[in-house]
$ cat upload.pdb   # PDB, C-alpha atoms
ATOM      1  CA  MET A 284      82.734 107.405 103.917
ATOM      2  CA  SER A 285      84.310 105.355 101.173
ATOM      3  CA  ASP A 286      83.726 108.072  98.590
ATOM      4  CA  ALA A 287      85.091 110.703 100.920
ATOM      5  CA  ILE A 288      88.276 108.713 101.341
ATOM      6  CA  GLU A 289      88.724 108.339  97.610
ATOM      7  CA  LEU A 290      87.866 111.950  96.819
ATOM      8  CA  ASN A 291      90.120 113.376  99.520
ATOM      9  CA  GLY A 292      93.087 111.050  99.190
ATOM     10  CA  GLY A 293      95.488 113.985  98.986
ATOM     11  CA  ALA A 294      94.147 115.453 102.192
ATOM     12  CA  LEU A 295      94.354 112.080 103.904
ATOM     13  CA  ALA A 296      97.953 111.656 102.761
ATOM     14  CA  ALA A 297      98.828 114.988 104.358
ATOM     15  CA  LEU A 298      96.836 114.546 107.550
ATOM     16  CA  MET A 299      97.374 110.820 108.007
ATOM     17  CA  PRO A 300     100.519 109.778 106.078
ATOM     18  CA  MET A 301     100.443 106.338 107.692
ATOM     19  CA  HIS A 302      96.827 105.439 106.921
ATOM     20  CA  MET A 303      95.668 102.346 105.077
ATOM     21  CA  VAL A 304      92.288 101.499 103.510
ATOM     22  CA  LEU A 305      91.131  97.878 103.188
ATOM     23  CA  ASP A 306      88.231  96.590 101.144
ATOM     24  CA  GLY A 307      85.606  94.235 102.575
ATOM     25  CA  ASN A 308      87.905  91.248 102.017
ATOM     26  CA  GLY A 309      90.856  92.775 103.906
ATOM     27  CA  VAL A 310      92.764  93.674 100.739
ATOM     28  CA  VAL A 311      94.684  96.962 100.648
ATOM     29  CA  ARG A 312      93.079  99.595  98.435
ATOM     30  CA  SER A 313      95.350 102.529  99.257
ATOM     31  CA  THR A 314      98.048 103.662 101.682
ATOM     32  CA  GLY A 315      99.590 106.857 102.952
ATOM     33  CA  PRO A 316     103.045 107.856 101.645
ATOM     34  CA  THR A 317     104.936 107.175 104.867
ATOM     35  CA  LEU A 318     103.511 103.696 105.194
ATOM     36  CA  ALA A 319     104.460 103.079 101.573
ATOM     37  CA  LYS A 320     108.056 104.047 102.426
ATOM     38  CA  ILE A 321     108.275 101.233 104.943
ATOM     39  CA  PHE A 322     107.366  98.846 102.113
ATOM     40  CA  ALA A 323     109.550 100.600  99.547
ATOM     41  CA  ASP A 324     110.382  97.365  97.711
ATOM     42  CA  GLU A 325     106.816  96.106  97.560
ATOM     43  CA  ASP A 326     103.508  97.274  96.120
ATOM     44  CA  MET A 327     101.049  97.102  98.991
ATOM     45  CA  VAL A 328      97.921  97.855  96.958
ATOM     46  CA  GLY A 329      96.007  94.730  95.975
ATOM     47  CA  ARG A 330      97.582  92.543  98.663
ATOM     48  CA  ALA A 331      95.857  91.054 101.694
ATOM     49  CA  LEU A 332      96.585  92.650 105.037
ATOM     50  CA  HIS A 333      97.719  89.323 106.509
ATOM     51  CA  ASP A 334     100.286  88.922 103.717
ATOM     52  CA  LEU A 335     101.840  92.253 104.628
ATOM     53  CA  PHE A 336     101.514  92.289 108.401
ATOM     54  CA  ASP A 337     101.574  90.006 111.384
ATOM     55  CA  VAL A 338      98.462  91.173 113.258
ATOM     56  CA  ARG A 339      99.297  90.915 116.960
ATOM     57  CA  HIS A 340      96.172  92.709 118.114
ATOM     58  CA  PRO A 341      93.285  92.058 117.983
ATOM     59  CA  ALA A 342      93.942  88.352 118.452
ATOM     60  CA  ASP A 343      91.368  87.360 115.833
ATOM     61  CA  GLY A 344      92.707  89.806 113.280
ATOM     62  CA  LEU A 345      90.218  92.274 111.827
ATOM     63  CA  GLU A 346      87.487  89.721 111.160
ATOM     64  CA  LYS A 347      84.942  91.360 113.473
ATOM     65  CA  LEU A 348      85.572  94.761 111.911
ATOM     66  CA  LEU A 349      85.311  93.459 108.374
ATOM     67  CA  ALA A 350      82.108  91.617 109.290
ATOM     68  CA  GLY A 351      80.644  94.756 110.877
ATOM     69  CA  TYR A 352      80.362  93.245 114.365
ATOM     70  CA  VAL A 353      82.368  96.064 115.991
ATOM     71  CA  PRO A 354      82.760  99.668 114.799
ATOM     72  CA  ARG A 355      86.413 100.214 115.802
ATOM     73  CA  GLN A 356      89.379  98.453 117.341
ATOM     74  CA  LYS A 357      92.923  99.182 118.511
ATOM     75  CA  VAL A 358      95.463  97.412 116.302
ATOM     76  CA  ARG A 359      99.127  96.422 116.579
ATOM     77  CA  LEU A 360     100.839  95.345 113.383
ATOM     78  CA  TYR A 361     104.354  94.090 112.575
ATOM     79  CA  PRO A 362     105.542  94.274 108.939
ATOM     80  CA  ARG A 363     106.430  90.915 107.416
ATOM     81  CA  ASN A 364     109.098  92.452 105.143
ATOM     82  CA  GLY A 365     111.730  92.440 107.907
ATOM     83  CA  ALA A 366     111.284  96.070 108.896
ATOM     84  CA  ARG A 367     112.202  96.369 112.575
ATOM     85  CA  CYS A 368     109.266  98.440 113.745
ATOM     86  CA  ALA A 369     105.944  97.975 115.460
ATOM     87  CA  LEU A 370     102.950  99.902 114.151
ATOM     88  CA  LYS A 371     100.117 100.853 116.459
ATOM     89  CA  GLY A 372      96.867 102.578 115.675
ATOM     90  CA  GLU A 373      93.124 102.379 115.350
ATOM     91  CA  ALA A 374      90.926 100.668 112.756
ATOM     92  CA  ILE A 375      87.392 101.881 111.929
ATOM     93  CA  ALA A 376      84.781  99.919 110.007
ATOM     94  CA  LEU A 377      83.532 101.876 106.982
ATOM     95  CA  GLY A 378      80.083 100.293 107.244
ATOM     96  CA  GLY A 379      77.996  98.417 104.727
ATOM     97  CA  GLY A 380      80.791  95.892 104.182
ATOM     98  CA  GLN A 381      82.884  98.528 102.404
ATOM     99  CA  GLY A 382      86.007  97.744 104.380
ATOM    100  CA  VAL A 383      88.179  99.215 107.093
ATOM    101  CA  PHE A 384      90.117 102.451 107.521
ATOM    102  CA  ILE A 385      93.298 102.157 109.626
ATOM    103  CA  ASN A 386      95.421 105.022 110.891
ATOM    104  CA  LEU A 387      98.824 103.923 112.218
ATOM    105  CA  SER A 388     101.720 105.366 114.188
ATOM    106  CA  LEU A 389     105.284 104.256 114.826
ATOM    107  CA  GLY A 390     105.070 104.885 118.567
ATOM    108  CA  ILE A 391     108.312 104.129 120.387
ATOM    109  CA  SER A 392     109.724 102.603 117.197
ATOM    110  CA  ILE A 393     109.978 106.035 115.628
ATOM    111  CA  VAL A 394     113.672 106.623 116.347
ATOM    112  CA  ASP A 395     114.761 103.336 114.784
ATOM    113  CA  ALA A 396     112.319 103.776 111.889
ATOM    114  CA  VAL A 397     113.597 107.259 111.089
ATOM    115  CA  ARG A 398     117.114 105.871 110.886
ATOM    116  CA  GLN A 399     116.109 102.694 109.011
ATOM    117  CA  PHE A 400     113.850 104.251 106.375
ATOM    118  CA  GLY A 401     115.334 107.724 106.109
ATOM    119  CA  LEU A 402     112.147 109.411 107.311
ATOM    120  CA  THR A 403     111.963 113.154 107.789
ATOM    121  CA  GLN A 404     109.534 115.571 109.376
ATOM    122  CA  ARG A 405     107.533 115.656 106.131
ATOM    123  CA  ASP A 406     106.716 111.962 106.576
ATOM    124  CA  PHE A 407     104.587 112.732 109.634
ATOM    125  CA  ALA A 408     101.448 114.733 110.168
ATOM    126  CA  SER A 409     102.193 118.119 111.689
ATOM    127  CA  THR A 410      99.961 117.204 114.626
ATOM    128  CA  ASP A 411     101.628 113.841 115.184
ATOM    129  CA  LEU A 412     103.242 113.625 118.607
ATOM    130  CA  ALA A 413     105.915 111.545 116.937
ATOM    131  CA  VAL A 414     107.390 114.776 115.571
ATOM    132  CA  GLU A 415     107.595 116.164 119.098
ATOM    133  CA  LEU A 416     109.253 112.920 120.172
ATOM    134  CA  LEU A 417     111.809 113.337 117.403
ATOM    135  CA  TYR A 418     112.580 116.842 118.631
ATOM    136  CA  LEU A 419     112.975 115.500 122.159
ATOM    137  CA  VAL A 420     115.261 112.701 120.975
ATOM    138  CA  GLU A 421     117.326 115.147 118.944
ATOM    139  CA  ALA A 422     117.531 117.519 121.896
ATOM    140  CA  LYS A 423     118.460 114.651 124.209
ATOM    141  CA  ASN A 424     121.163 113.446 121.819
ATOM    142  CA  ALA A 425     122.532 116.966 121.572
ATOM    143  CA  VAL A 426     122.541 117.359 125.353
ATOM    144  CA  MET A 427     124.041 113.907 125.890
ATOM    145  CA  GLY A 428     126.680 114.561 123.251
ATOM    146  CA  GLU A 429     127.623 117.865 124.853
ATOM    147  CA  ALA A 430     127.606 116.243 128.293
ATOM    148  CA  MET A 431     129.949 113.515 127.058
ATOM    149  CA  ARG A 432     132.259 116.099 125.506
ATOM    150  CA  LEU A 433     132.181 118.121 128.726
ATOM    151  CA  ASN A 434     132.893 115.017 130.814
ATOM    152  CA  SER A 435     135.751 114.166 128.487
ATOM    153  CA  ARG A 436     137.201 117.657 128.863
ATOM    154  CA  LEU A 437     136.737 117.552 132.631
ATOM    155  CA  SER A 438     138.334 114.110 132.813
ATOM    156  CA  ALA A 439     141.282 115.307 130.722
ATOM    157  CA  ALA A 440     141.607 118.426 132.864
ATOM    158  CA  ARG A 441     141.431 116.336 136.039
ATOM    159  CA  SER A 442     144.074 113.950 134.730
ATOM    160  CA  LYS A 443     146.275 116.870 133.729
ATOM    161  CA  ALA A 444     145.840 118.497 137.153
ATOM    162  CA  GLN A 445     146.634 115.216 138.909
ATOM    163  CA  GLU A 446     149.711 114.740 136.738
ATOM    164  CA  GLN A 447     150.849 118.316 137.406
ATOM    165  CA  ALA A 448     150.383 117.758 141.144
ATOM    166  CA  LEU A 449     152.900 114.919 140.938
ATOM    167  CA  THR A 450     155.352 116.614 138.568
ATOM    168  CA  ASP A 451     158.282 118.930 139.141
ATOM    169  CA  MET A 452     157.517 121.732 136.720
ATOM    170  CA  LEU A 453     161.163 122.696 136.111
ATOM    171  CA  THR A 454     162.521 119.267 135.152
ATOM    172  CA  GLY A 455     159.372 117.365 134.161
ATOM    173  CA  LEU A 456     160.329 114.570 136.572
ATOM    174  CA  ARG A 457     158.200 113.359 139.487
ATOM    175  CA  ASN A 458     158.176 115.617 142.519
ATOM    176  CA  ARG A 459     158.560 114.389 146.114
ATOM    177  CA  ARG A 460     154.849 113.528 146.388
ATOM    178  CA  GLY A 461     154.955 111.619 143.102
ATOM    179  CA  LEU A 462     158.054 109.770 144.316
ATOM    180  CA  ASN A 463     156.381 108.755 147.584
ATOM    181  CA  LEU A 464     153.286 107.493 145.774
ATOM    182  CA  ALA A 465     155.441 105.411 143.418
ATOM    183  CA  LEU A 466     157.373 103.912 146.330
ATOM    184  CA  GLU A 467     154.142 103.185 148.219
ATOM    185  CA  ALA A 468     152.788 101.318 145.197
ATOM    186  CA  LEU A 469     155.951  99.228 144.813
ATOM    187  CA  ILE A 470     156.017  98.358 148.507
ATOM    188  CA  ALA A 471     152.296  97.490 148.489
ATOM    189  CA  LYS A 472     152.765  94.951 145.696
ATOM    190  CA  ARG A 473     155.988  93.612 147.270
ATOM    191  CA  ALA A 474     158.033  94.421 144.205
ATOM    192  CA  VAL A 475     161.820  94.181 144.051
ATOM    193  CA  PHE A 476     163.347  97.593 143.412
ATOM    194  CA  SER A 477     166.354  99.792 144.063
ATOM    195  CA  VAL A 478     166.666 103.444 145.081
ATOM    196  CA  LEU A 479     169.442 105.712 143.797
ATOM    197  CA  HIS A 480     169.879 108.996 145.687
ATOM    198  CA  ILE A 481     171.728 111.542 143.541
ATOM    199  CA  ASP A 482     173.184 114.846 144.747
ATOM    200  CA  LEU A 483     174.775 117.292 142.306
ATOM    201  CA  ASP A 484     178.366 118.194 143.131
ATOM    202  CA  PHE A 485     179.480 121.819 142.544
ATOM    203  CA  PHE A 486     175.889 122.925 141.813
ATOM    204  CA  LYS A 487     176.087 125.666 144.460
ATOM    205  CA  THR A 488     179.132 127.077 142.686
ATOM    206  CA  VAL A 489     177.169 127.333 139.429
ATOM    207  CA  ASN A 490     174.292 129.081 141.215
ATOM    208  CA  ASP A 491     176.565 131.489 143.094
ATOM    209  CA  THR A 492     178.818 132.451 140.174
ATOM    210  CA  MET A 493     176.463 132.259 137.176
ATOM    211  CA  GLY A 494     173.054 132.930 138.706
ATOM    212  CA  HIS A 495     169.836 131.034 139.247
ATOM    213  CA  ALA A 496     168.964 130.994 135.538
ATOM    214  CA  ALA A 497     172.098 128.949 134.911
ATOM    215  CA  GLY A 498     171.197 126.730 137.851
ATOM    216  CA  ASP A 499     167.730 126.124 136.402
ATOM    217  CA  GLU A 500     169.260 125.195 133.050
ATOM    218  CA  VAL A 501     171.522 122.683 134.796
ATOM    219  CA  LEU A 502     168.557 121.145 136.644
ATOM    220  CA  ARG A 503     166.597 120.837 133.398
ATOM    221  CA  ARG A 504     169.552 119.118 131.759
ATOM    222  CA  VAL A 505     169.886 116.716 134.692
ATOM    223  CA  GLY A 506     166.211 115.829 134.242
ATOM    224  CA  GLU A 507     166.862 115.009 130.578
ATOM    225  CA  ILE A 508     169.893 112.853 131.468
ATOM    226  CA  LEU A 509     167.979 110.828 134.062
ATOM    227  CA  THR A 510     165.112 110.316 131.625
ATOM    228  CA  ASP A 511     167.556 109.169 128.924
ATOM    229  CA  GLU A 512     169.424 106.769 131.211
ATOM    230  CA  THR A 513     166.402 105.034 132.785
ATOM    231  CA  ARG A 514     163.752 102.708 131.391
ATOM    232  CA  GLY A 515     160.189 103.735 130.653
ATOM    233  CA  HIS A 516     158.772 102.081 133.785
ATOM    234  CA  ASP A 517     161.485 103.449 136.110
ATOM    235  CA  ILE A 518     160.804 106.517 138.231
ATOM    236  CA  ALA A 519     163.050 109.583 138.133
ATOM    237  CA  ALA A 520     162.194 112.335 140.598
ATOM    238  CA  ARG A 521     163.545 115.653 141.803
ATOM    239  CA  ALA A 522     163.362 115.283 145.580
ATOM    240  CA  GLY A 523     164.193 118.960 146.187
ATOM    241  CA  GLY A 524     166.889 121.524 145.356
ATOM    242  CA  ASP A 525     169.682 119.680 143.574
ATOM    243  CA  GLU A 526     168.743 116.233 144.914
ATOM    244  CA  PHE A 527     167.289 113.548 142.685
ATOM    245  CA  VAL A 528     166.037 110.005 143.234
ATOM    246  CA  VAL A 529     165.788 107.185 140.708
ATOM    247  CA  VAL A 530     163.688 104.093 141.485
ATOM    248  CA  LEU A 531     164.493 101.011 139.416
ATOM    249  CA  GLU A 532     161.735  98.410 139.526
ATOM    250  CA  GLY A 533     162.841  94.783 139.191
ATOM    251  CA  GLU A 534     166.528  95.579 139.688
ATOM    252  CA  SER A 535     168.607  94.852 142.811
ATOM    253  CA  ASP A 536     172.021  93.728 141.546
ATOM    254  CA  PRO A 537     174.723  96.070 143.003
ATOM    255  CA  LYS A 538     176.889  95.540 139.912
ATOM    256  CA  VAL A 539     174.118  96.719 137.625
ATOM    257  CA  LEU A 540     173.408  99.679 139.904
ATOM    258  CA  LYS A 541     177.075 100.703 139.812
ATOM    259  CA  ILE A 542     177.248 100.455 136.018
ATOM    260  CA  LEU A 543     174.143 102.637 135.669
ATOM    261  CA  SER A 544     175.375 105.105 138.304
ATOM    262  CA  ASP A 545     178.785 105.434 136.654
ATOM    263  CA  ARG A 546     177.072 106.110 133.335
ATOM    264  CA  ILE A 547     174.838 108.801 134.917
ATOM    265  CA  ILE A 548     177.833 110.420 136.604
ATOM    266  CA  ALA A 549     179.742 110.479 133.307
ATOM    267  CA  ARG A 550     176.811 112.215 131.638
ATOM    268  CA  LEU A 551     176.511 114.727 134.492
ATOM    269  CA  GLU A 552     180.176 115.650 134.122
ATOM    270  CA  GLU A 553     179.704 116.700 130.510
ATOM    271  CA  PRO A 554     179.822 120.563 130.433
ATOM    272  CA  ILE A 555     176.402 122.182 130.066
ATOM    273  CA  PRO A 556     176.345 125.275 127.837
ATOM    274  CA  PHE A 557     174.523 128.356 129.097
ATOM    275  CA  ASP A 558     174.616 131.921 127.833
ATOM    276  CA  GLY A 559     177.956 131.544 126.063
ATOM    277  CA  THR A 560     179.738 129.703 128.855
ATOM    278  CA  LEU A 561     179.887 126.168 130.275
ATOM    279  CA  CYS A 562     178.434 124.933 133.557
ATOM    280  CA  LYS A 563     180.465 122.115 135.118
ATOM    281  CA  ILE A 564     179.015 119.787 137.732
ATOM    282  CA  SER A 565     179.281 116.178 138.791
ATOM    283  CA  GLY A 566     177.163 113.831 140.867
ATOM    284  CA  SER A 567     177.457 111.554 143.880
ATOM    285  CA  ILE A 568     175.140 108.571 144.156
ATOM    286  CA  GLY A 569     174.116 106.345 147.050
ATOM    287  CA  ALA A 570     171.909 103.286 146.632
ATOM    288  CA  THR A 571     169.928 100.706 148.540
ATOM    289  CA  THR A 572     167.566  97.922 147.480
ATOM    290  CA  SER A 573     164.262  96.588 148.777
ATOM    291  CA  ARG A 574     165.855  93.169 149.216
ATOM    292  CA  SER A 575     167.894  94.577 152.098
ATOM    293  CA  TYR A 576     164.777  94.852 154.267
ATOM    294  CA  ARG A 577     162.267  92.391 155.598
ATOM    295  CA  PHE A 578     159.663  95.174 155.635
ATOM    296  CA  PRO A 579     160.754  98.060 153.348
ATOM    297  CA  ALA A 580     159.662 101.522 154.469
ATOM    298  CA  ILE A 581     159.987 104.716 152.453
ATOM    299  CA  ASP A 582     161.709 106.783 155.152
ATOM    300  CA  GLN A 583     164.213 104.029 155.883
ATOM    301  CA  LEU A 584     164.976 103.408 152.195
ATOM    302  CA  LEU A 585     165.606 107.105 151.539
ATOM    303  CA  HIS A 586     167.603 107.504 154.743
ATOM    304  CA  ASP A 587     169.918 104.602 153.947
ATOM    305  CA  ALA A 588     170.387 105.750 150.346
ATOM    306  CA  ASP A 589     171.191 109.221 151.729
ATOM    307  CA  VAL A 590     173.794 107.768 154.098
ATOM    308  CA  ALA A 591     175.380 105.933 151.154
ATOM    309  CA  LEU A 592     175.290 109.168 149.161
ATOM    310  CA  TYR A 593     177.297 111.033 151.767
ATOM    311  CA  ALA A 594     179.733 108.149 151.914
ATOM    312  CA  ALA A 595     180.260 108.737 148.188
ATOM    313  CA  LYS A 596     180.845 112.454 148.831
ATOM    314  CA  ASP A 597     183.323 111.654 151.608
ATOM    315  CA  ALA A 598     185.128 109.367 149.161
ATOM    316  CA  GLY A 599     185.843 112.330 146.901
ATOM    317  CA  LYS A 600     182.556 113.014 145.111
ATOM    318  CA  GLY A 601     181.615 111.930 141.610
ATOM    319  CA  CYS A 602     181.291 108.290 142.625
ATOM    320  CA  PHE A 603     178.839 105.586 143.710
ATOM    321  CA  ARG A 604     178.398 103.853 147.045
ATOM    322  CA  MET A 605     176.050 101.045 148.083
ATOM    323  CA  ALA A 606     174.286 101.250 151.465
ATOM    324  CA  GLU A 607     175.679  98.951 154.142
ATOM    325  CA  ILE A 608     172.676  97.662 156.086
ATOM    326  CA  GLY A 609     173.597  96.648 159.639
ATOM    327  CA  GLN A 610     173.489  92.921 160.167
ATOM    328  CA  GLU A 611     172.422  93.396 163.785
ATOM    329  CA  ASP A 612     169.027  94.932 162.888
ATOM    330  CA  ASP A 613     166.994  91.830 162.106
ATOM    331  CA  THR A 614     163.831  93.864 161.434
ATOM    332  CA  ARG A 615     165.547  95.346 158.350
ATOM    333  CA  GLN A 616     167.744  92.510 157.172
ATOM    334  CA  THR A 617     166.176  90.090 154.747
ATOM    335  CA  ALA A 618     165.541  86.688 156.271
TER     336      ALA A 618
END
$ encode --input "upload.pdb" --output "structure tokens"
Amino acid sequence: MSDAIELNGGALAALMPMHMVLDGNGVVRSTGPTLAKIFADEDMVGRALHDLFDVRHPADGLEKLLAGYVPRQKVRLYPRNGARCALKGEAIALGGGQGVFINLSLGISIVDAVRQFGLTQRDFASTDLAVELLYLVEAKNAVMGEAMRLNSRLSAARSKAQEQALTDMLTGLRNRRGLNLALEALIAKRAVFSVLHIDLDFFKTVNDTMGHAAGDEVLRRVGEILTDETRGHDIAARAGGDEFVVVLEGESDPKVLKILSDRIIARLEEPIPFDGTLCKISGSIGATTSRSYRFPAIDQLLHDADVALYAAKDAGKGCFRMAEIGQEDDTRQTA
């Protein structure tokens, strides 16, 4: 057996690239090329097995094999050079005190070992199940990678669809559903906020005399103005037709609301060019604040802001009015 191993070392290297031959004293005589890769910085030949490996199984090392008491044993070895891999295999006594032949495998450590030592398919016997495991791991990684990419695309598509469901496609502002959700969230966390209800004055004239394309251009421009004049965390929404709502979180001072409303109205009154002519509109604004209610409710907030809006229109349009909450209704008046 010993002669056969020496004479057919090339064949052994191909068929068992992780084999190791020990002499009768447990000193390494030869190793397969893959095993040598794991000890790339060390020369294994001529060194004792126990200097190279921590023998976890069998518990008494390979003493019984080397002494010829048993013909073969399962082995589990851990390299002492810091390599993070466990080697498993079988050791066979060569007989006559000639030593031990060990054939090893990386087992479940193969994935880490391939990465750590730069192993390739050529470092394994063609019949080694480890190669099949590598194919499975590669296939799994490919599938998992594609699944993650697909989930990412689906998540992005879902987010986009959800955003579109809450967005007015003409102006890019929130739509009525998006407005209601924003108000629900503010009420749920008991935030202080104000509601501005904006109606465009003379918009019907633009639509009737210049056409719906001009009207759409005006609405888009109004969306830009409201975005410019509000803060990033404020909500600007197109509630329908030529009606808009602005929700200002953290703001309830009527003086501040009037200053902002006057600025918005001034911007709305700037002529809007369309198809070689100018569209002229204005805006009336009514406002209310969450502080005016013990228990704010969306319908009541919007109703009271709407009442204030029409008070602004009755006052001549192009102006701002604050809602006057009735003192007699204690369920709405702040305590």
$ closest_residue --input "upload.pdb" --among "A:Leu531, A:Leu433, A:Leu402, A:Ala591" --to "Ala465 of chain A" --atoms "all atoms listed in the file"
A:Leu531
$ resolve_selection --input "upload.pdb" --expression "the PyMOL selection byres ((chain A and resi 337) around 9)" --output "PDB file with C-alpha atoms, keeping the file's coordinate frame"
ATOM      1  CA  LEU A 332      96.585  92.650 105.037  1.00  0.00           C
ATOM      2  CA  HIS A 333      97.719  89.323 106.509  1.00  0.00           C
ATOM      3  CA  ASP A 334     100.286  88.922 103.717  1.00  0.00           C
ATOM      4  CA  LEU A 335     101.840  92.253 104.628  1.00  0.00           C
ATOM      5  CA  PHE A 336     101.514  92.289 108.401  1.00  0.00           C
ATOM      6  CA  VAL A 338      98.462  91.173 113.258  1.00  0.00           C
ATOM      7  CA  ARG A 339      99.297  90.915 116.960  1.00  0.00           C
ATOM      8  CA  ARG A 359      99.127  96.422 116.579  1.00  0.00           C
ATOM      9  CA  LEU A 360     100.839  95.345 113.383  1.00  0.00           C
ATOM     10  CA  TYR A 361     104.354  94.090 112.575  1.00  0.00           C
ATOM     11  CA  PRO A 362     105.542  94.274 108.939  1.00  0.00           C
ATOM     12  CA  ARG A 363     106.430  90.915 107.416  1.00  0.00           C
TER      13      ARG A 363
END
$ closest_residue --input "upload.pdb" --among "A:Met493, A:Glu373, A:Ala471, A:Ala598" --to "Pro556 of chain A" --atoms "all atoms listed in the file"
A:Met493
$ closest_residue --input "upload.pdb" --among "A:Val353, A:Ile321, A:Val328, A:Ala440" --to "Gly365 of chain A" --atoms "all atoms listed in the file"
A:Ile321
$ closest_residue --input "upload.pdb" --among "A:Leu466, A:Ala439, A:Ala296, A:Ala374" --to "Leu348 of chain A" --atoms "all atoms listed in the file"
A:Ala374
$ residues_around --input "upload.pdb" --residues "Met327 of chain A" --least-positions-apart "2" --cutoff "8 Å" --atoms "all atoms listed in the file" --output "PyMOL selection string"
chain A and resi 311+313-314+319+322+325+329-330+335
$ closest_residue --input "upload.pdb" --among "A:Gly523, A:Gly599, A:Gly351, A:Gly309" --to "Gly379 of chain A" --atoms "all atoms listed in the file"
A:Gly351
$ residues_around --input "upload.pdb" --residues "Pro537 of chain A" --least-positions-apart "3" --cutoff "10 Å" --atoms "only C-alpha atoms" --output "ChimeraX atom specification"
/A:477,534,540-543,570-572,604-606
$ build_atoms --input "upload.pdb" --residues "segment 494-499 of chain A" --atoms "all heavy atoms" --output "PDB file, in the coordinates of the input"
ATOM      1  N   GLY A 494     174.440 132.510 138.500  1.00  0.00           N
ATOM      2  CA  GLY A 494     173.054 132.930 138.706  1.00  0.00           C
ATOM      3  C   GLY A 494     172.069 131.765 138.666  1.00  0.00           C
ATOM      4  O   GLY A 494     172.361 130.666 138.209  1.00  0.00           O
ATOM      5  N   HIS A 495     170.857 132.068 139.146  1.00  0.00           N
ATOM      6  CA  HIS A 495     169.836 131.034 139.247  1.00  0.00           C
ATOM      7  C   HIS A 495     169.333 130.561 137.881  1.00  0.00           C
ATOM      8  O   HIS A 495     168.900 129.410 137.751  1.00  0.00           O
ATOM      9  CB  HIS A 495     168.657 131.546 140.077  1.00  0.00           C
ATOM     10  CG  HIS A 495     168.989 131.693 141.534  1.00  0.00           C
ATOM     11  ND1 HIS A 495     169.256 130.621 142.350  1.00  0.00           N
ATOM     12  CD2 HIS A 495     169.130 132.808 142.315  1.00  0.00           C
ATOM     13  CE1 HIS A 495     169.529 131.047 143.575  1.00  0.00           C
ATOM     14  NE2 HIS A 495     169.467 132.378 143.578  1.00  0.00           N
ATOM     15  N   ALA A 496     169.396 131.418 136.884  1.00  0.00           N
ATOM     16  CA  ALA A 496     168.964 130.994 135.538  1.00  0.00           C
ATOM     17  C   ALA A 496     169.867 129.877 135.032  1.00  0.00           C
ATOM     18  O   ALA A 496     169.398 128.897 134.430  1.00  0.00           O
ATOM     19  CB  ALA A 496     168.988 132.177 134.570  1.00  0.00           C
ATOM     20  N   ALA A 497     171.169 130.011 135.293  1.00  0.00           N
ATOM     21  CA  ALA A 497     172.098 128.949 134.911  1.00  0.00           C
ATOM     22  C   ALA A 497     171.817 127.691 135.719  1.00  0.00           C
ATOM     23  O   ALA A 497     171.859 126.571 135.197  1.00  0.00           O
ATOM     24  CB  ALA A 497     173.542 129.415 135.131  1.00  0.00           C
ATOM     25  N   GLY A 498     171.525 127.878 137.014  1.00  0.00           N
ATOM     26  CA  GLY A 498     171.197 126.730 137.851  1.00  0.00           C
ATOM     27  C   GLY A 498     169.958 125.998 137.350  1.00  0.00           C
ATOM     28  O   GLY A 498     169.925 124.755 137.329  1.00  0.00           O
ATOM     29  N   ASP A 499     168.948 126.751 136.942  1.00  0.00           N
ATOM     30  CA  ASP A 499     167.730 126.124 136.402  1.00  0.00           C
ATOM     31  C   ASP A 499     168.026 125.338 135.130  1.00  0.00           C
ATOM     32  O   ASP A 499     167.473 124.247 134.910  1.00  0.00           O
ATOM     33  CB  ASP A 499     166.664 127.189 136.112  1.00  0.00           C
ATOM     34  CG  ASP A 499     166.044 127.740 137.386  1.00  0.00           C
ATOM     35  OD1 ASP A 499     166.282 127.158 138.465  1.00  0.00           O
ATOM     36  OD2 ASP A 499     165.338 128.760 137.312  1.00  0.00           O
TER      37      ASP A 499
END
